[in-house]
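Undergrad: This is the structure I have questions about; it appears just below.
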Amino acid sequence: MADTKYIFVTGGVVSSLGKGIISSSIGKLLQARGYKITIQKFDPYINIDPGTLNPYEHGECYVTADGMETDLDLGHYERFTGIQTTRANSMTTGRIYKSVIDKERRGDYLGKTIQVVPHITDEIKRRMLRTSPAPAQGGECLTGRESDSPSSSLGRSGEAFDFVITEVGGTIGDIESAPFMEAIRQLRYQLGRDAVCVHLTYVPYLKAADELKTKPTQHSVKELQSMGIQPDILVLRTERHLDDAMRSKVASFCNVDLECVVQSEDLPSIYEVPVNMQHQGLDAAILRKIGIPVGETPAMKPWHAFLDKQRAAKKEVHIALVGKYNLQDAYKSIRESLNLAAIYNDVKARLHFVNSEEVTHQNIAEKLSGMQGVVICPGFGQRGIEGKIIAAEYTRTNDIPTFGICLGMQMMVIEFARNVLGYADANSAEMDSQTPHNVIDMMEEQKTITQLGGTMRLGAYECKVLKGSKTFEAYSQSEQSTPLTHKEGEGLFIQERHRHRYEFNNQYQEQYEAAGMKCVGINPDANLVEIVEIPEKRWYIGTQFHPEYTSTVLNPHPLFMSFVKALTNEQ
């Protein structure tokens with residue numbers, strides 16, 4: 001296509017309706033038609049990024065390959081579409097304002113009074129269009145190319161996109177989202193038919209009246225219209241099926257074509273949403289609104305094959321997640337990675353949260369009773385770590401397949417030092433700066449940094465996996481093109497994403513190796529230990545990186561695949 005097309009996804013009535021799933025589904029459907037797409041998230045909160053937010057506030061923090069801490073919806077974007085997001089795909093009010101204020105301090109605005117309109121809205125528009133600032137302004141260049149043309153939408157490598165899908169967090173009417181809505185209003189006028197607005201609302205069912213109510217949707221659209229934005233397409237989130245009469249009512253009251261009113265019913269799996277949206281013609285409606293010939297409906301054979309495997313899976317594997325955050329979104333990518341790996345192993349994953357703060361030596365057997373595998377979850381801080389250490393000891397001594405991720409891997413290392421190496425006071429310098437056996441210690445380059453946020457080892461780093469290890473076997477058997485990069489000599493090289501400050505202390509490496517815990521993954525540049533495993537166990541592996549960030553629907557991560565396979569072999 002000559003010009004990039006833009007799709008804006010907004011939400012109304014209540015939050016958590018699934019804008020991220022709808023945005024991902026739209027991206028997947030357009031991809032299936034051969035278009036090159038990207039998806040970005042604009043969050044109205046003032047934090048620079050979600051990196052310092054408590055998971056109870058905002059769910060997990062998802063990390064992009066280039067080291068940006070972002071909203072969990074970017075995980076949905078990558079899992080559904082297989083694209084690799086960057087810092088350009090995640091934006092917050094905090095970053096927008098910081099960029100404008102930095103320019104003002106440098107004098108880039110030549111003494112003008114800085115206002116929400118036009119300066120904040122112009123900055124939002126620039127980033128929505130993914131164009132670079134003019135050379136005189138400087139600032140944060142997101143695309144690697146200077147351009148003032150609204151139709152020039154470029155990735156960091158300079159590649160053009162056919163469609164840019166922009167999801168705006170929050171709901172219509174929120175005070176903090178007003179500048180984003182104004183930016184969309186201006187872009188709709190500026191871009192004409194090259195822009196489409198998709199509005200997601202809620203149609204509640206009132207049990208007492210035995211009725212579905214469209215009034216909340218009508219009010220949401222009215223609020224959107226009051227901001228100068230007429231939605232082109234409505235997606236109605238509902239727990240019950242809406243008949244054509246109700247859809248016609250919504251279309252009439254909201255000035256939307258009937259074919260552009262689609263419903264998003266509750267489904268057994270979020271991965272059925274793209275197929276449901278395709279069946280109702282959501283992608284076709286978007287193309288017609290933009291003026292692009294619709295053509296044939298894509299078969300999406302790999303996606304349907306995945307759904308067939310999901311429906312056919314009958315046996316269950318029970319996996320415990322040992323962590324301190326008792327909510328699904330805190331470990332969203334881990335949960336999805338386990339579910340995907342289970343489906344490809346022809347089983348269903350039944351995940352059970354075990355609160356590590358409540359784990360003791362006396363109750364650990366009861367807590368993990370019936371569990372075929374255990375994931376020791378990542379996190380930060382002192383709270384709940386002793387429970388993770390107890391869990392690691394129990395699974396190691398009882399030979400229960402165990403997967404430790406980031407802090408989880410570090411707890412496996414500490415447990416081994418205490419109970420195998422004989423260092424009863426071993427710890428991480430993060431938890432006890434005075435420990436005489438700091439088997440986990442801060443990286444040297446981090447010791448002088450005091451400011452939180454953006455100071456960690458973030459993003460993708462290379463790791464050499466040693467031949468002969470279970471980890472090597474897992475990556476070697478994978479058909480996935482990434483994160484495996486190449487093989488060389490006695491190992492293979494992978495790239496995985498990190499989010500941490502503390503590392504395995506190499507001073508103890510020989511002792512660990514001699515006692516049976518092997519360091520099988522090493523960063524070739526810094527010689528940092530990335531992967532540990534105990535070969536004599538059925539499956540006992542810890543990774544300093546986060547493999548869940550690179551697991552997708554059509555390419556499940558090899559380590560999760562290997563982990564679940566180890567569980568199914570015991571059935």
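Naming works like this for the structure tokens: A, B, ... for the chains as they're shown, residue 1 at the start of each chain, ligands 1 onward in shown order.
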Report the residues of range 87-249 of chain A whose backbone DSSP state falls under alpha helix (DSSP H), written as a PyMOL selection string.
TA: chain A and resi 93-106+121-129+178-191+215-226+244-249
Undergrad: Please identify every residue of range 38-108 of chain A that has at least one atom no farther than 8 Å from an atom of range 542-565 of chain A, counting only C-alpha atoms, and for each give the shortest atom pair and the distance in Å to one decimal, arranged by chain then increasing number, as a Markdown table.
TA:
```
| residue | atom | partner | partner_atom | distance |
| --- | --- | --- | --- | --- |
| A:Tyr62 | CA | A:Tyr549 | CA | 7.2 |
| A:Val63 | CA | A:Tyr549 | CA | 7.1 |
| A:Thr64 | CA | A:Tyr549 | CA | 7.9 |
| A:Gly75 | CA | A:Tyr549 | CA | 7.0 |
| A:Glu78 | CA | A:Thr552 | CA | 6.7 |
| A:Arg79 | CA | A:Thr552 | CA | 4.0 |
| A:Phe80 | CA | A:Val553 | CA | 6.1 |
| A:Thr81 | CA | A:Thr552 | CA | 7.9 |
| A:Gly82 | CA | A:Thr552 | CA | 6.3 |
```
Undergrad: Identify, on the basis of only C-alpha atoms, every residue whose closest approach to Gln115 in chain A does not exceed 12 Å; exclude the query and any residue fewer than 4 positions from it along the same chain; express the result as a list in words.
TA: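 Residues near the query, excluding close chain neighbours: Tyr97, Val100, Ile101, Glu104, Tyr109, His119, Ile120, Thr121, Asp122, Glu123 and Pro179 of chain A.
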Undergrad: Within 8 Å of Ile364 in chain A, counting only C-alpha atoms, which residues show up once you throw out same-chain ones fewer than 4 positions away? Write them as a list in words, please.
TA: Val359, Thr360, Leu368, Ile390, Ala391 and Tyr394 of chain A
Undergrad: Write the residues of the preceding selection, restricted to all heavy atoms, as a compact mmCIF listing (two decimals), in the first residue's frame.
TA:
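So the final result, stored in again00.txt, reads:
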```txt
# COMPACT_ATOMS: atom_id res chain seq x y z
N VAL A 359 4.51 -20.61 52.77
CA VAL A 359 5.19 -21.90 52.68
C VAL A 359 6.15 -22.09 53.85
O VAL A 359 6.94 -21.20 54.17
CB VAL A 359 5.95 -22.02 51.34
CG1 VAL A 359 6.85 -23.25 51.33
CG2 VAL A 359 4.97 -22.08 50.18
N THR A 360 6.08 -23.25 54.48
CA THR A 360 7.01 -23.62 55.56
C THR A 360 7.51 -25.03 55.31
O THR A 360 6.98 -25.77 54.47
CB THR A 360 6.32 -23.56 56.93
OG1 THR A 360 5.30 -24.58 56.98
CG2 THR A 360 5.68 -22.19 57.19
N LEU A 368 2.33 -28.73 47.80
CA LEU A 368 2.69 -29.22 46.47
C LEU A 368 2.12 -30.61 46.18
O LEU A 368 2.50 -31.24 45.19
CB LEU A 368 4.21 -29.22 46.30
CG LEU A 368 4.91 -27.86 46.39
CD1 LEU A 368 6.40 -27.99 46.12
CD2 LEU A 368 4.28 -26.84 45.44
N ILE A 390 12.41 -22.91 50.27
CA ILE A 390 11.89 -24.18 50.80
C ILE A 390 11.30 -25.02 49.66
O ILE A 390 11.51 -26.24 49.59
CB ILE A 390 10.84 -23.91 51.89
CG1 ILE A 390 11.49 -23.29 53.12
CG2 ILE A 390 10.09 -25.20 52.26
CD1 ILE A 390 10.50 -22.76 54.15
N ALA A 391 10.57 -24.37 48.76
CA ALA A 391 9.98 -25.09 47.62
C ALA A 391 11.07 -25.67 46.74
O ALA A 391 10.96 -26.81 46.27
CB ALA A 391 9.08 -24.15 46.82
N TYR A 394 12.47 -28.76 48.38
CA TYR A 394 11.53 -29.88 48.33
C TYR A 394 11.51 -30.52 46.95
O TYR A 394 11.53 -31.74 46.82
CB TYR A 394 10.13 -29.41 48.73
CG TYR A 394 9.11 -30.52 48.78
CD1 TYR A 394 8.98 -31.33 49.91
CD2 TYR A 394 8.28 -30.78 47.70
CE1 TYR A 394 8.05 -32.35 49.96
CE2 TYR A 394 7.35 -31.80 47.74
CZ TYR A 394 7.24 -32.59 48.87
OH TYR A 394 6.32 -33.62 48.91
```
Undergrad: Which is closer to Gln372 in chain A than all the others in A:Asn569, A:Val275, A:Ser333, A:Glu239, using only C-alpha atoms?
TA: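 With only C-alpha atoms as the atom set, the closest residue is A:Asn569.
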Undergrad: Please report, as a tab-separated table, each residue of range 345-441 of chain A lying at most 12 Å from range 509-516 of chain A, together with the nearest pair of atoms and the separation in Å rounded to one decimal; use only C-alpha atoms, and order rows by chain and ascending residue number.
TA:
```
residue	atom	partner	partner_atom	distance
A:Arg396	CA	A:Gly516	CA	11.7
A:Met412	CA	A:Tyr512	CA	11.7
A:Val413	CA	A:Tyr512	CA	8.7
A:Ile414	CA	A:Tyr512	CA	10.8
A:Glu415	CA	A:Tyr512	CA	11.5
A:Phe416	CA	A:Tyr512	CA	8.2
A:Ala417	CA	A:Tyr512	CA	7.8
A:Arg418	CA	A:Tyr512	CA	11.4
A:Asn419	CA	A:Ala515	CA	11.0
A:Val420	CA	A:Ala515	CA	7.3
A:Leu421	CA	A:Ala515	CA	7.2
A:Gly422	CA	A:Ala515	CA	10.7
A:Tyr423	CA	A:Gln511	CA	11.3
A:Val439	CA	A:Gln509	CA	9.1
A:Ile440	CA	A:Gln509	CA	11.2
```
Undergrad: Extract, using only C-alpha atoms, all DNA, RNA and protein residues at most 9 Å from Leu528 in chain A, discarding same-chain residues fewer than 6 positions from it, and format them as an mmCIF file with N, CA, C and O atoms, in the first residue's frame.
TA:
```
data_model
loop_
_atom_site.group_PDB
_atom_site.id
_atom_site.type_symbol
_atom_site.label_atom_id
_atom_site.label_comp_id
_atom_site.auth_asym_id
_atom_site.auth_seq_id
_atom_site.Cartn_x
_atom_site.Cartn_y
_atom_site.Cartn_z
ATOM 1 N N CYS A 463 23.408 -15.562 24.947
ATOM 2 C CA CYS A 463 23.814 -16.590 25.901
ATOM 3 C C CYS A 463 24.284 -17.813 25.130
ATOM 4 O O CYS A 463 23.638 -18.239 24.163
ATOM 5 N N GLU A 503 23.146 -11.051 39.979
ATOM 6 C CA GLU A 503 23.650 -12.147 39.152
ATOM 7 C C GLU A 503 24.227 -13.266 40.020
ATOM 8 O O GLU A 503 24.557 -13.062 41.194
ATOM 9 N N PHE A 504 24.387 -14.409 39.404
ATOM 10 C CA PHE A 504 25.146 -15.517 40.001
ATOM 11 C C PHE A 504 26.575 -15.045 40.236
ATOM 12 O O PHE A 504 27.202 -14.461 39.362
ATOM 13 N N ASN A 505 27.103 -15.312 41.438
ATOM 14 C CA ASN A 505 28.467 -14.897 41.788
ATOM 15 C C ASN A 505 29.457 -15.946 41.267
ATOM 16 O O ASN A 505 29.532 -17.065 41.779
ATOM 17 N N ASN A 506 30.225 -15.577 40.259
ATOM 18 C CA ASN A 506 31.131 -16.524 39.598
ATOM 19 C C ASN A 506 32.222 -17.070 40.512
ATOM 20 O O ASN A 506 32.850 -18.087 40.189
ATOM 21 N N GLY A 521 24.624 -22.175 30.839
ATOM 22 C CA GLY A 521 24.381 -21.037 29.969
ATOM 23 C C GLY A 521 25.185 -19.842 30.430
ATOM 24 O O GLY A 521 25.052 -19.406 31.574
ATOM 25 N N ILE A 522 26.037 -19.305 29.554
ATOM 26 C CA ILE A 522 26.954 -18.226 29.920
ATOM 27 C C ILE A 522 26.839 -17.100 28.905
ATOM 28 O O ILE A 522 26.837 -17.343 27.694
#
```
Undergrad: Residues at most 12 Å from Asn355 in chain A, counting only C-alpha atoms, excluding those fewer than 6 positions away in the same chain, as a ChimeraX atom specification?
TA: /A:320-327,363-364,367-368,376-377,383-388,391
Undergrad: Just want the 10 Å neighbourhood of Asp266 in chain A, counted on only C-alpha atoms, with same-chain residues fewer than 4 positions away dropped. Output as a VMD selection string.
TA: chain A and resid 237 to 241 270 272 to 273
